[in-house]
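Novice: Please find final-v5.cif (mmCIF, C-alpha atoms) on the next line:
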data_upload
loop_
_atom_site.label_atom_id
_atom_site.label_comp_id
_atom_site.auth_asym_id
_atom_site.auth_seq_id
_atom_site.Cartn_x
_atom_site.Cartn_y
_atom_site.Cartn_z
CA MET S 1 0.00 0.00 0.00
CA LYS S 2 1.37 3.40 -0.89
CA LEU S 3 0.40 6.97 -1.60
CA VAL S 4 0.25 7.68 -5.32
CA GLU S 5 -0.05 10.58 -7.72
CA PRO S 6 1.28 13.90 -6.44
CA ASP S 7 -1.79 15.61 -7.95
CA HIS S 8 -4.04 13.43 -5.76
CA PRO S 9 -2.36 13.21 -2.34
CA GLY S 10 -5.38 11.41 -0.82
CA LYS S 11 -5.11 8.48 -3.22
CA LEU S 12 -3.76 5.12 -2.04
CA CYS S 13 -2.81 2.06 -4.06
CA ILE S 14 -3.78 -1.10 -2.19
CA GLY S 15 -2.19 -4.32 -3.38
CA GLY S 16 -2.23 -7.98 -2.47
CA LEU S 17 -6.01 -8.23 -2.39
CA ASN S 18 -7.88 -11.51 -2.61
CA THR S 19 -9.49 -11.99 -6.02
CA LYS S 20 -12.86 -12.24 -4.22
CA THR S 21 -12.49 -8.77 -2.69
CA ASN S 22 -15.22 -6.40 -3.87
CA LYS S 23 -15.65 -2.63 -3.97
CA GLU S 24 -18.26 -2.61 -1.19
CA ALA S 25 -15.94 -4.41 1.24
CA LEU S 26 -13.18 -1.89 0.53
CA GLU S 27 -15.58 1.03 1.07
CA VAL S 28 -16.61 -0.36 4.47
CA ILE S 29 -13.07 -1.11 5.62
CA PHE S 30 -11.45 2.13 4.47
CA GLY S 31 -14.49 4.20 5.42
CA LYS S 32 -13.54 3.55 9.06
CA TYR S 33 -10.46 5.72 8.53
CA GLY S 34 -12.02 8.72 6.81
CA GLN S 35 -14.38 9.99 4.13
CA ILE S 36 -13.96 7.98 0.92
CA VAL S 37 -14.38 9.81 -2.39
CA GLU S 38 -13.82 6.85 -4.70
CA VAL S 39 -12.79 3.20 -4.77
CA LEU S 40 -11.47 1.77 -8.03
CA LEU S 41 -11.12 -2.00 -7.88
CA MET S 42 -9.09 -3.09 -10.87
CA LYS S 43 -10.71 -6.03 -12.66
CA ASP S 44 -9.76 -8.33 -15.49
CA HIS S 45 -11.75 -7.31 -18.58
CA GLU S 46 -12.41 -10.90 -19.64
CA THR S 47 -13.26 -12.57 -16.33
CA ASN S 48 -14.45 -9.50 -14.36
CA LYS S 49 -12.48 -10.82 -11.34
CA SER S 50 -10.34 -8.59 -9.18
CA ARG S 51 -6.75 -8.22 -10.37
CA GLY S 52 -5.63 -8.02 -6.75
CA PHE S 53 -5.24 -4.27 -6.38
CA ALA S 54 -7.34 -1.15 -5.98
CA PHE S 55 -7.09 2.61 -5.64
CA VAL S 56 -8.80 4.28 -2.69
CA MET S 57 -9.26 8.06 -2.74
CA PHE S 58 -9.79 9.73 0.63
CA GLU S 59 -11.37 13.17 0.77
CA SER S 60 -8.49 14.45 2.88
CA PRO S 61 -4.80 13.78 2.21
CA ALA S 62 -4.33 13.74 6.00
CA GLU S 63 -6.77 10.82 6.30
CA ALA S 64 -4.88 8.87 3.65
CA LYS S 65 -1.57 9.56 5.36
CA GLY S 66 -3.04 8.64 8.76
CA TYR S 67 -4.34 5.35 7.40
CA SER S 68 -0.99 4.65 5.78
CA GLN S 69 0.86 5.21 9.05
CA ARG S 70 -1.60 3.04 11.02
CA CYS S 71 -1.26 0.27 8.47
CA GLU S 72 2.54 0.32 8.69
CA GLN S 73 2.34 0.02 12.48
CA LYS S 74 -0.38 -2.61 12.82
CA GLY S 75 -1.13 -4.04 9.42
CA ILE S 76 -4.69 -4.56 8.28
CA GLU S 77 -6.55 -7.61 7.13
CA ILE S 78 -9.07 -7.21 4.34
CA PRO S 79 -11.63 -10.00 4.19
CA TYR S 80 -13.09 -10.63 0.78
#
Spit out the file's structure as structure tokens when you get a sec.

Specialist:
Amino acid sequence: MKLVEPDHPGKLCIGGLNTKTNKEALEVIFGKYGQIVEVLLMKDHETNKSRGFAFVMFESPAEAKGYSQRCEQKGIEIPY
């Protein structure tokens, strides 16, 4: 997981996701850490299954940074 795109400092790239992970689960999990603007779960165009990574855009860059720091300290488990 890392902060991406200097033009969007509230955007995180989340990797290592289970292929069964869905957008709604990510919204619930990351919504605990701040206001979510958008979740983009990257999917295979042929199978429509998750490719194992997503982008989560927080409303506030501070929320994204806070989540990132918490994750580094404790880790986070994302159920599918």

Novice: Let me make sure I understand: among S:Lys65, S:His8, S:Lys20, S:Lys49, which one has the smallest atom-to-atom distance to S:Gly34 if we use all atoms listed in the file?

Specialist: S:Lys65

Novice: Between S:Lys43, S:Leu17, S:Val56, S:Gly10, which is the closest to S:Phe30 once you count only C-alpha atoms?

Specialist: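 The closest residue to S:Phe30 is S:Val56.
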
Novice: At a cut-off of 7 Å, using only C-alpha atoms, what residues contact S:Ala64? Leave out same-chain residues fewer than 6 positions from it and give the result as number ranges by chain.

Specialist: S: 10-12, 58

Novice: Find the residue from S:Pro61, S:Asp44, S:Cys13, S:Tyr67 that sits nearest to S:Ile29; use all atoms listed in the file when measuring.

Specialist: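 Counting all atoms listed in the file, the residue closest to S:Ile29 is S:Tyr67.
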
Novice: Can you list, as an MDAnalysis selection string, the residues that the PyMOL selection byres ((chain S and resi 51) around 10) selects here?

Specialist: chainID S and resid 15:21 41:45 47:50 52:54
